Amino acid sequence: DMDLSKDTMESFRQSKVRQEIDFDMHVQVLTMGYWPPYPTVDIKLPPQMEKAQNIFRDFYLSKHSGRRLQWQNTLGHCVLKVDFAKKSKQLSVSLFQSAVLLLFNHQTICNYKEIRDRTGLEEGELKRTLQSLACAKVRPLVKAPKGAAINEDDRFKVNMDFKHQLYRIRINQIQMKETKEEREKTNESVFQDRQYQIDAAIVRILKTRKSIIHTTLMSELYKLLKFPFKASDMKKRIESLIERDYMARDTDDAQTYVYVA
């Protein structure tokens, strides 16, 4: 997959349409299903980026009819040259961070609502992006009023007094803290994805052993599965398999399970 992507980019660089893009662009075209899924986050790209995406899309689809390209905006990153008061710097940033920073090419000050409307980012993603640019240790933007939280009445401008010992600086994204409810929802979602692996492991062990006591089954599962799990969750999966007639309790010993062919 990676080799095919390299060949695609080499062909694109040698094409005439590549000359219509006035900055360096690298795209990795990967096959859906071969790679982990990523959340789709919508964004209104700056005009020059949108133009570049459309040029590459048309080039790619002209070579591969019937295919579809889906841009994974959360994985995009850029290197921007910024002229501060004393020195120019290169900032290595995410696609979302770059979309915000490029707004300041055309105006000195942007307020929160204006940035939200022009980037199209949803509230959580936008606040996390602005925090990384104006509230973290390395701050290419300054905000007013000062503070660690991002609010709808905040105003932002380029930090012209920005200083750093390095020429190229990576601006990390800030991870938003999950609430207890969000964390529980995430854990439940992860368990839902893993329950099929758990069911398959239990049935595989029983099919080999024909019968097994509970403690031995749990020990085998800890060895077989590559992720941690709660005993209570495992009990739910066992009960589910019993209800679906994949296994049963021994009539003489409730702590022993037998495989149902």
# chains A, B, ... in the order shown; residues from 1 in each chain; ligands from 1

call {"tool": "select_by_dssp", "arguments": {"residues": "region 142-229 of chain A", "states": "strand (DSSP E or B)", "output": "JSON, numbers by chain"}}
result
{"A": [142, 143, 144, 155, 156, 157, 158, 168, 169, 170, 211, 212, 213]}

call {"tool": "residues_around", "arguments": {"residues": "Ile198 (chain A)", "least_positions_apart": "2", "cutoff": "9 Å", "atoms": "only C-alpha atoms", "output": "list of chain:residue names"}}
result
A:Arg194, A:Gln195, A:Tyr196, A:Ala200, A:Ala201, A:Ile202, A:Val203, A:Leu221, A:Leu225, A:Met234, A:Arg237

call {"tool": "write_last_selection", "arguments": {"atoms": "C-alpha atoms", "output": "compact mmCIF listing (two decimals), in the first residue's frame"}}
result
# COMPACT_ATOMS: atom_id res chain seq x y z
CA ARG A 194 -13.61 -6.31 21.48
CA GLN A 195 -16.49 -8.56 22.52
CA TYR A 196 -16.33 -10.47 19.24
CA ALA A 200 -14.14 -16.17 19.50
CA ALA A 201 -11.36 -16.83 22.04
CA ILE A 202 -13.73 -18.53 24.51
CA VAL A 203 -15.24 -20.77 21.83
CA LEU A 221 -8.00 -15.96 28.17
CA LEU A 225 -6.05 -11.92 24.55
CA MET A 234 -15.90 -11.73 30.82
CA ARG A 237 -19.65 -12.79 27.51

call {"tool": "residues_around", "arguments": {"residues": "region 215-217 of chain A", "least_positions_apart": "2", "cutoff": "9 Å", "atoms": "only C-alpha atoms", "output": "PyMOL selection string"}}
result
chain A and resi 202+205-206+212-213+219-222+255+257

call {"tool": "closest_atom_pairs", "arguments": {"of": "region 116-177 of chain A", "to": "region 66-80 of chain A", "cutoff": "12 Å", "atoms": "only C-alpha atoms", "output": "Markdown table"}}
result
| residue | atom | partner | partner_atom | distance |
| --- | --- | --- | --- | --- |
| A:Leu121 | CA | A:Asn73 | CA | 11.0 |
| A:Glu125 | CA | A:Thr74 | CA | 10.1 |
| A:Thr129 | CA | A:Thr74 | CA | 11.6 |
| A:Pro140 | CA | A:Leu80 | CA | 11.5 |
| A:Tyr167 | CA | A:Leu80 | CA | 11.5 |
| A:Arg168 | CA | A:Val79 | CA | 8.6 |
| A:Ile169 | CA | A:Val79 | CA | 9.3 |
| A:Arg170 | CA | A:Val79 | CA | 9.0 |
| A:Ile171 | CA | A:Val79 | CA | 10.3 |
| A:Asn172 | CA | A:His77 | CA | 11.0 |
| A:Gln173 | CA | A:Thr74 | CA | 11.0 |

call {"tool": "write_last_selection", "arguments": {"atoms": "all heavy atoms", "output": "mmCIF file, in the first residue's frame"}}
result
data_model
loop_
_atom_site.group_PDB
_atom_site.id
_atom_site.type_symbol
_atom_site.label_atom_id
_atom_site.label_comp_id
_atom_site.auth_asym_id
_atom_site.auth_seq_id
_atom_site.Cartn_x
_atom_site.Cartn_y
_atom_site.Cartn_z
ATOM 1 N N LEU A 121 -14.828 24.395 11.837
ATOM 2 C CA LEU A 121 -14.516 23.361 12.834
ATOM 3 C C LEU A 121 -15.578 23.348 13.928
ATOM 4 O O LEU A 121 -16.075 24.404 14.341
ATOM 5 C CB LEU A 121 -13.147 23.624 13.460
ATOM 6 C CG LEU A 121 -11.927 23.306 12.591
ATOM 7 C CD1 LEU A 121 -10.652 23.842 13.250
ATOM 8 C CD2 LEU A 121 -11.805 21.804 12.351
ATOM 9 N N GLU A 125 -13.193 20.738 18.675
ATOM 10 C CA GLU A 125 -11.956 20.705 17.892
ATOM 11 C C GLU A 125 -11.362 22.100 17.765
ATOM 12 O O GLU A 125 -10.142 22.283 17.844
ATOM 13 C CB GLU A 125 -12.251 20.129 16.506
ATOM 14 C CG GLU A 125 -11.015 19.670 15.758
ATOM 15 C CD GLU A 125 -10.364 18.455 16.375
ATOM 16 O OE1 GLU A 125 -11.020 17.417 16.504
ATOM 17 O OE2 GLU A 125 -9.169 18.571 16.748
ATOM 18 N N THR A 129 -7.749 23.401 19.225
ATOM 19 C CA THR A 129 -6.774 23.969 18.295
ATOM 20 C C THR A 129 -6.305 25.343 18.754
ATOM 21 O O THR A 129 -5.097 25.641 18.741
ATOM 22 C CB THR A 129 -7.388 24.057 16.885
ATOM 23 O OG1 THR A 129 -7.740 22.745 16.444
ATOM 24 C CG2 THR A 129 -6.419 24.672 15.902
ATOM 25 N N PRO A 140 2.365 30.871 19.098
ATOM 26 C CA PRO A 140 2.457 31.754 17.935
ATOM 27 C C PRO A 140 1.316 32.777 17.875
ATOM 28 O O PRO A 140 1.398 33.756 17.139
ATOM 29 C CB PRO A 140 2.388 30.783 16.754
ATOM 30 C CG PRO A 140 1.683 29.578 17.295
ATOM 31 C CD PRO A 140 2.064 29.475 18.730
ATOM 32 N N TYR A 167 14.783 26.936 14.625
ATOM 33 C CA TYR A 167 14.195 27.550 13.432
ATOM 34 C C TYR A 167 12.870 26.877 13.096
ATOM 35 O O TYR A 167 11.892 27.535 12.784
ATOM 36 C CB TYR A 167 15.161 27.441 12.250
ATOM 37 C CG TYR A 167 14.570 27.962 10.956
ATOM 38 C CD1 TYR A 167 14.231 29.313 10.819
ATOM 39 C CD2 TYR A 167 14.326 27.109 9.881
ATOM 40 C CE1 TYR A 167 13.671 29.804 9.644
ATOM 41 C CE2 TYR A 167 13.767 27.585 8.698
ATOM 42 C CZ TYR A 167 13.443 28.928 8.591
ATOM 43 O OH TYR A 167 12.879 29.401 7.423
ATOM 44 N N ARG A 168 12.838 25.545 13.167
ATOM 45 C CA ARG A 168 11.582 24.821 12.940
ATOM 46 C C ARG A 168 11.054 24.329 14.274
ATOM 47 O O ARG A 168 11.758 23.621 14.994
ATOM 48 C CB ARG A 168 11.765 23.647 11.977
ATOM 49 C CG ARG A 168 10.475 22.854 11.793
ATOM 50 C CD ARG A 168 10.604 21.718 10.804
ATOM 51 N NE ARG A 168 10.704 22.187 9.432
ATOM 52 C CZ ARG A 168 10.595 21.399 8.349
ATOM 53 N NH1 ARG A 168 10.393 20.094 8.506
ATOM 54 N NH2 ARG A 168 10.695 21.905 7.139
ATOM 55 N N ILE A 169 9.821 24.688 14.589
ATOM 56 C CA ILE A 169 9.220 24.354 15.886
ATOM 57 C C ILE A 169 7.940 23.570 15.653
ATOM 58 O O ILE A 169 7.108 23.962 14.821
ATOM 59 C CB ILE A 169 8.886 25.623 16.702
ATOM 60 C CG1 ILE A 169 10.127 26.513 16.824
ATOM 61 C CG2 ILE A 169 8.348 25.261 18.073
ATOM 62 C CD1 ILE A 169 10.074 27.742 15.945
ATOM 63 N N ARG A 170 7.798 22.476 16.375
ATOM 64 C CA ARG A 170 6.567 21.687 16.294
ATOM 65 C C ARG A 170 5.576 22.193 17.333
ATOM 66 O O ARG A 170 5.899 22.304 18.523
ATOM 67 C CB ARG A 170 6.865 20.203 16.538
ATOM 68 C CG ARG A 170 5.619 19.333 16.482
ATOM 69 C CD ARG A 170 5.965 17.867 16.647
ATOM 70 N NE ARG A 170 4.785 17.033 16.631
ATOM 71 C CZ ARG A 170 4.151 16.630 15.536
ATOM 72 N NH1 ARG A 170 4.624 16.973 14.349
ATOM 73 N NH2 ARG A 170 3.076 15.884 15.596
ATOM 74 N N ILE A 171 4.381 22.517 16.895
ATOM 75 C CA ILE A 171 3.313 22.968 17.790
ATOM 76 C C ILE A 171 2.376 21.782 18.026
ATOM 77 O O ILE A 171 1.639 21.376 17.124
ATOM 78 C CB ILE A 171 2.516 24.146 17.194
ATOM 79 C CG1 ILE A 171 3.458 25.252 16.708
ATOM 80 C CG2 ILE A 171 1.525 24.674 18.229
ATOM 81 C CD1 ILE A 171 4.257 25.907 17.812
ATOM 82 N N ASN A 172 2.424 21.222 19.210
ATOM 83 C CA ASN A 172 1.621 20.043 19.516
ATOM 84 C C ASN A 172 0.162 20.417 19.760
ATOM 85 O O ASN A 172 -0.138 21.498 20.267
ATOM 86 C CB ASN A 172 2.169 19.320 20.751
ATOM 87 C CG ASN A 172 3.539 18.734 20.506
ATOM 88 O OD1 ASN A 172 3.807 18.175 19.440
ATOM 89 N ND2 ASN A 172 4.425 18.847 21.481
ATOM 90 N N GLN A 173 -0.726 19.489 19.401
ATOM 91 C CA GLN A 173 -2.133 19.661 19.718
ATOM 92 C C GLN A 173 -2.357 19.377 21.197
ATOM 93 O O GLN A 173 -1.625 18.599 21.810
ATOM 94 C CB GLN A 173 -2.993 18.711 18.886
ATOM 95 C CG GLN A 173 -3.273 19.223 17.481
ATOM 96 C CD GLN A 173 -4.433 20.216 17.440
ATOM 97 O OE1 GLN A 173 -4.756 20.865 18.436
ATOM 98 N NE2 GLN A 173 -5.044 20.355 16.289
#

call {"tool": "select_by_dssp", "arguments": {"residues": "region 12-261 of chain A", "states": "alpha helix (DSSP H)", "output": "ChimeraX atom specification"}}
result
/A:12-13,47-63,95-101,112-119,123-134,180-209,214-224,231-243

call {"tool": "closest_residue", "arguments": {"among": "A:Thr31, A:Ser15, A:Gln131, A:Ser240", "to": "Met2 (chain A)", "atoms": "only C-alpha atoms"}}
result
A:Thr31

call {"tool": "atom_distance", "arguments": {"atom1": "CA of Arg13 (chain A)", "atom2": "CA of Gln28 (chain A)"}}
result
13.2 Å

call {"tool": "decode", "arguments": {"residues": "region 108-140 of chain A", "atoms": "N, CA and C atoms", "output": "PDB file, in the first residue's frame"}}
result
ATOM      1  N   THR A 108      -5.244  41.348  10.884  1.00  0.00           N
ATOM      2  CA  THR A 108      -4.396  41.374  12.082  1.00  0.00           C
ATOM      3  C   THR A 108      -5.044  40.664  13.251  1.00  0.00           C
ATOM      4  N   ILE A 109      -6.343  40.863  13.438  1.00  0.00           N
ATOM      5  CA  ILE A 109      -7.061  40.311  14.589  1.00  0.00           C
ATOM      6  C   ILE A 109      -8.264  39.500  14.100  1.00  0.00           C
ATOM      7  N   CYS A 110      -8.463  38.328  14.709  1.00  0.00           N
ATOM      8  CA  CYS A 110      -9.649  37.510  14.429  1.00  0.00           C
ATOM      9  C   CYS A 110     -10.316  37.160  15.747  1.00  0.00           C
ATOM     10  N   ASN A 111     -11.631  37.273  15.828  1.00  0.00           N
ATOM     11  CA  ASN A 111     -12.316  36.843  17.041  1.00  0.00           C
ATOM     12  C   ASN A 111     -12.736  35.378  16.908  1.00  0.00           C
ATOM     13  N   TYR A 112     -13.148  34.805  18.015  1.00  0.00           N
ATOM     14  CA  TYR A 112     -13.470  33.375  18.060  1.00  0.00           C
ATOM     15  C   TYR A 112     -14.560  33.006  17.051  1.00  0.00           C
ATOM     16  N   LYS A 113     -15.638  33.769  17.035  1.00  0.00           N
ATOM     17  CA  LYS A 113     -16.762  33.429  16.160  1.00  0.00           C
ATOM     18  C   LYS A 113     -16.364  33.494  14.695  1.00  0.00           C
ATOM     19  N   GLU A 114     -15.517  34.456  14.368  1.00  0.00           N
ATOM     20  CA  GLU A 114     -15.071  34.578  12.982  1.00  0.00           C
ATOM     21  C   GLU A 114     -14.218  33.378  12.579  1.00  0.00           C
ATOM     22  N   ILE A 115     -13.319  32.943  13.475  1.00  0.00           N
ATOM     23  CA  ILE A 115     -12.484  31.772  13.200  1.00  0.00           C
ATOM     24  C   ILE A 115     -13.348  30.533  13.058  1.00  0.00           C
ATOM     25  N   ARG A 116     -14.347  30.403  13.915  1.00  0.00           N
ATOM     26  CA  ARG A 116     -15.257  29.257  13.845  1.00  0.00           C
ATOM     27  C   ARG A 116     -15.993  29.225  12.516  1.00  0.00           C
ATOM     28  N   ASP A 117     -16.503  30.377  12.087  1.00  0.00           N
ATOM     29  CA  ASP A 117     -17.283  30.426  10.852  1.00  0.00           C
ATOM     30  C   ASP A 117     -16.404  30.185   9.624  1.00  0.00           C
ATOM     31  N   ARG A 118     -15.170  30.676   9.650  1.00  0.00           N
ATOM     32  CA  ARG A 118     -14.317  30.577   8.460  1.00  0.00           C
ATOM     33  C   ARG A 118     -13.604  29.235   8.354  1.00  0.00           C
ATOM     34  N   THR A 119     -13.449  28.535   9.463  1.00  0.00           N
ATOM     35  CA  THR A 119     -12.819  27.212   9.403  1.00  0.00           C
ATOM     36  C   THR A 119     -13.851  26.087   9.375  1.00  0.00           C
ATOM     37  N   GLY A 120     -15.041  26.350   9.926  1.00  0.00           N
ATOM     38  CA  GLY A 120     -16.075  25.326   9.956  1.00  0.00           C
ATOM     39  C   GLY A 120     -15.820  24.223  10.968  1.00  0.00           C
ATOM     40  N   LEU A 121     -14.828  24.395  11.837  1.00  0.00           N
ATOM     41  CA  LEU A 121     -14.516  23.361  12.834  1.00  0.00           C
ATOM     42  C   LEU A 121     -15.578  23.348  13.928  1.00  0.00           C
ATOM     43  N   GLU A 122     -15.918  22.141  14.396  1.00  0.00           N
ATOM     44  CA  GLU A 122     -16.880  22.056  15.500  1.00  0.00           C
ATOM     45  C   GLU A 122     -16.234  22.573  16.774  1.00  0.00           C
ATOM     46  N   GLU A 123     -17.068  22.938  17.752  1.00  0.00           N
ATOM     47  CA  GLU A 123     -16.616  23.673  18.937  1.00  0.00           C
ATOM     48  C   GLU A 123     -15.435  23.012  19.663  1.00  0.00           C
ATOM     49  N   GLY A 124     -15.567  21.712  19.951  1.00  0.00           N
ATOM     50  CA  GLY A 124     -14.509  21.033  20.708  1.00  0.00           C
ATOM     51  C   GLY A 124     -13.184  21.046  19.988  1.00  0.00           C
ATOM     52  N   GLU A 125     -13.193  20.738  18.675  1.00  0.00           N
ATOM     53  CA  GLU A 125     -11.956  20.705  17.892  1.00  0.00           C
ATOM     54  C   GLU A 125     -11.362  22.100  17.765  1.00  0.00           C
ATOM     55  N   LEU A 126     -12.204  23.097  17.587  1.00  0.00           N
ATOM     56  CA  LEU A 126     -11.717  24.468  17.444  1.00  0.00           C
ATOM     57  C   LEU A 126     -11.084  24.964  18.741  1.00  0.00           C
ATOM     58  N   LYS A 127     -11.726  24.716  19.873  1.00  0.00           N
ATOM     59  CA  LYS A 127     -11.178  25.173  21.146  1.00  0.00           C
ATOM     60  C   LYS A 127      -9.851  24.494  21.452  1.00  0.00           C
ATOM     61  N   ARG A 128      -9.754  23.204  21.138  1.00  0.00           N
ATOM     62  CA  ARG A 128      -8.499  22.494  21.350  1.00  0.00           C
ATOM     63  C   ARG A 128      -7.395  23.068  20.459  1.00  0.00           C
ATOM     64  N   THR A 129      -7.749  23.401  19.225  1.00  0.00           N
ATOM     65  CA  THR A 129      -6.774  23.969  18.295  1.00  0.00           C
ATOM     66  C   THR A 129      -6.305  25.343  18.754  1.00  0.00           C
ATOM     67  N   LEU A 130      -7.239  26.181  19.174  1.00  0.00           N
ATOM     68  CA  LEU A 130      -6.874  27.527  19.629  1.00  0.00           C
ATOM     69  C   LEU A 130      -6.069  27.482  20.925  1.00  0.00           C
ATOM     70  N   GLN A 131      -6.382  26.551  21.798  1.00  0.00           N
ATOM     71  CA  GLN A 131      -5.594  26.398  23.023  1.00  0.00           C
ATOM     72  C   GLN A 131      -4.152  26.045  22.698  1.00  0.00           C
ATOM     73  N   SER A 132      -3.950  25.180  21.722  1.00  0.00           N
ATOM     74  CA  SER A 132      -2.595  24.764  21.365  1.00  0.00           C
ATOM     75  C   SER A 132      -1.790  25.914  20.767  1.00  0.00           C
ATOM     76  N   LEU A 133      -2.481  26.870  20.146  1.00  0.00           N
ATOM     77  CA  LEU A 133      -1.791  27.981  19.493  1.00  0.00           C
ATOM     78  C   LEU A 133      -1.621  29.203  20.386  1.00  0.00           C
ATOM     79  N   ALA A 134      -2.517  29.382  21.361  1.00  0.00           N
ATOM     80  CA  ALA A 134      -2.502  30.620  22.144  1.00  0.00           C
ATOM     81  C   ALA A 134      -2.358  30.420  23.643  1.00  0.00           C
ATOM     82  N   CYS A 135      -2.438  29.177  24.137  1.00  0.00           N
ATOM     83  CA  CYS A 135      -2.422  28.950  25.583  1.00  0.00           C
ATOM     84  C   CYS A 135      -1.341  27.965  26.024  1.00  0.00           C
ATOM     85  N   ALA A 136      -0.646  27.341  25.100  1.00  0.00           N
ATOM     86  CA  ALA A 136       0.368  26.348  25.456  1.00  0.00           C
ATOM     87  C   ALA A 136       1.714  27.013  25.719  1.00  0.00           C
ATOM     88  N   LYS A 137       2.739  26.213  25.908  1.00  0.00           N
ATOM     89  CA  LYS A 137       4.078  26.747  26.204  1.00  0.00           C
ATOM     90  C   LYS A 137       4.622  27.540  25.024  1.00  0.00           C
ATOM     91  N   VAL A 138       4.435  27.019  23.822  1.00  0.00           N
ATOM     92  CA  VAL A 138       4.860  27.711  22.599  1.00  0.00           C
ATOM     93  C   VAL A 138       3.629  28.368  21.992  1.00  0.00           C
ATOM     94  N   ARG A 139       3.647  29.727  21.882  1.00  0.00           N
ATOM     95  CA  ARG A 139       2.435  30.456  21.513  1.00  0.00           C
ATOM     96  C   ARG A 139       2.660  31.362  20.305  1.00  0.00           C
ATOM     97  N   PRO A 140       2.365  30.871  19.098  1.00  0.00           N
ATOM     98  CA  PRO A 140       2.457  31.754  17.935  1.00  0.00           C
ATOM     99  C   PRO A 140       1.316  32.777  17.875  1.00  0.00           C
TER     100      PRO A 140
END
